[in-house]
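A.B. asks: I have a structure here, written as structure tokens, and I will follow up with some questions on it.
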Amino acid sequence: MRQAEPTGIGRALSLIEAGGPDADALCMALAPALSGAPRIGMTGPPGAGKSTLTRALVERWRATGSTVGIIAIDPSSPRSGGALLGDRIRMDRIALDEGVYIRSMATRGRSGGIAAATAAACDILDAAGFDRILIETVGVGQSEIDVIGIADTTVLVLVPESGDGIQALKSGVMEVADILVVNKADRPQADTMVRELEVARAIGQGHIEGSARRPAPEGNWVPPVLATVAIDDVGVDELLAAIEGHLEFVQSSR
């Protein structure tokens, strides 16, 4: 596993998912090997295009020589209880890249958008030496925010049909996302959705009082609102820059 050998990583991940004393012992043994590789969470409702954006981001990281480990959370199969592998299928272009490791994990009935073993799985990928670790959650609602406890940077992916951005901001993941993305921005109402999110962000952070806009407090991160068309590779460079910018912000704030 420490040599990023896929079979070893797979066995370690299976052990973690199974739980029990052996899994606990492995987690303790991993601690000295952790390098602090950045962890990026991709979350949002079903059908928002998280997998396509993930694939596009990974292709860019690979172009610069960075290795990437991906934990793709899928719904549980009603028959086997395992992952349905939908996310992995949509990432077919990167699945055979030796610098990319993809593991699908089933929620197994757990709410919150991630699997119970997700954090430990990220530790395994970190110990295996991956430069970036990406967590793609199962399609989630506004209150399912468990990924923020694991990720250094959380990207919320929405689509124009996601509804009223101001209403959505009132609770849940909208309040804690570091980057807001309106994907499939070639659809009608995308510009309106972007504007609503920008206003909602400002209200949520207290930057607007009545009709008067106020600047963000110095030193605070203001989540950017970006528009992408992942399937056409539009806006992905801007998203990548925002992710790297937030990771630098997090690092400088520690």
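Identifiers in the structure tokens: chain A, B, ... in order shown; residue index from 1 per chain; ligand index from 1 in order shown.
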Quick one: residues within 10 Å of A:Glu98, only C-alpha atoms counted, chain neighbours fewer than 5 positions away excluded, as a PyMOL selection string?

C.D. replies: chain A and resi 4-6+67-68

A.B. asks: I'd like the neighbourhood of A:Pro188 as a ChimeraX atom specification, where a residue qualifies if any of its atoms comes within 12 Å (using only C-alpha atoms), though same-chain residues fewer than 6 positions away should be ignored.

C.D. replies: /A:159-161,182,194

A.B. asks: Generate a file of the selected residues that holds C-alpha atoms, formatted as a PDB file, in the first residue's frame.

C.D. replies:
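File produced: selection02.pdb:
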```pdb
ATOM      1  CA  VAL A 159     -27.620  23.153 -11.870  1.00  0.00           C
ATOM      2  CA  PRO A 160     -30.044  25.862 -13.058  1.00  0.00           C
ATOM      3  CA  GLU A 161     -32.934  23.593 -12.080  1.00  0.00           C
ATOM      4  CA  VAL A 182     -23.565  26.240 -11.410  1.00  0.00           C
ATOM      5  CA  VAL A 194     -25.575  32.541 -10.641  1.00  0.00           C
TER       6      VAL A 194
END
```

A.B. asks: Give me the residues within 9 Å of A:Ala121 as a PDB file with N, CA and C atoms, in the first residue's frame, counting only C-alpha atoms and dropping any in the same chain fewer than 3 places off.

C.D. replies:
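Heads up, here's the output in part26.pdb:
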```pdb
ATOM      1  N   ALA A  12      -6.421  -2.782   1.771  1.00  0.00           N
ATOM      2  CA  ALA A  12      -6.495  -1.900   2.940  1.00  0.00           C
ATOM      3  C   ALA A  12      -7.862  -1.225   3.026  1.00  0.00           C
ATOM      4  N   LEU A  13      -8.390  -0.785   1.892  1.00  0.00           N
ATOM      5  CA  LEU A  13      -9.699  -0.138   1.879  1.00  0.00           C
ATOM      6  C   LEU A  13     -10.803  -1.124   2.257  1.00  0.00           C
ATOM      7  N   ILE A  16     -10.761  -1.531   5.958  1.00  0.00           N
ATOM      8  CA  ILE A  16     -11.354  -0.373   6.628  1.00  0.00           C
ATOM      9  C   ILE A  16     -12.883  -0.430   6.559  1.00  0.00           C
ATOM     10  N   GLU A  17     -13.404  -0.781   5.391  1.00  0.00           N
ATOM     11  CA  GLU A  17     -14.858  -0.849   5.230  1.00  0.00           C
ATOM     12  C   GLU A  17     -15.479  -1.927   6.115  1.00  0.00           C
ATOM     13  N   ILE A  71     -12.318   8.850  -3.916  1.00  0.00           N
ATOM     14  CA  ILE A  71     -13.326   8.055  -3.221  1.00  0.00           C
ATOM     15  C   ILE A  71     -14.677   8.493  -3.766  1.00  0.00           C
ATOM     16  N   ALA A 117     -16.749   4.855   6.365  1.00  0.00           N
ATOM     17  CA  ALA A 117     -15.295   4.669   6.331  1.00  0.00           C
ATOM     18  C   ALA A 117     -14.583   5.695   5.446  1.00  0.00           C
ATOM     19  N   THR A 118     -15.280   6.746   5.023  1.00  0.00           N
ATOM     20  CA  THR A 118     -14.688   7.678   4.069  1.00  0.00           C
ATOM     21  C   THR A 118     -13.427   8.346   4.606  1.00  0.00           C
ATOM     22  N   ILE A 124      -5.855   6.294   3.947  1.00  0.00           N
ATOM     23  CA  ILE A 124      -5.134   5.260   3.200  1.00  0.00           C
ATOM     24  C   ILE A 124      -4.544   5.841   1.917  1.00  0.00           C
ATOM     25  N   LEU A 125      -5.343   6.619   1.186  1.00  0.00           N
ATOM     26  CA  LEU A 125      -4.846   7.218  -0.053  1.00  0.00           C
ATOM     27  C   LEU A 125      -3.732   8.222   0.228  1.00  0.00           C
ATOM     28  N   ASP A 126      -3.840   8.934   1.336  1.00  0.00           N
ATOM     29  CA  ASP A 126      -2.785   9.855   1.746  1.00  0.00           C
ATOM     30  C   ASP A 126      -1.496   9.079   2.031  1.00  0.00           C
TER      31      ASP A 126
END
```

A.B. asks: Find the residues near A:Ala227: any atom within 8 Å, counting only C-alpha atoms, skip ones fewer than 4 places away on the same chain, and give them as a list of chain:residue names.

C.D. replies: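 So the residues in contact are A:Val181, A:Val182, A:Asn183, A:Lys184, A:Ala185, A:Ala190, A:Val194, A:Gly235.
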
A.B. asks: Please provide the set of residues having any atom within 10 Å of A:Val225, restricted to only C-alpha atoms, with same-chain residues fewer than 6 positions apart removed, written as JSON, numbers by chain.

C.D. replies: {"A": [156, 178, 179, 180, 181, 182, 193, 194, 195, 196, 197, 198, 201, 239, 242]}
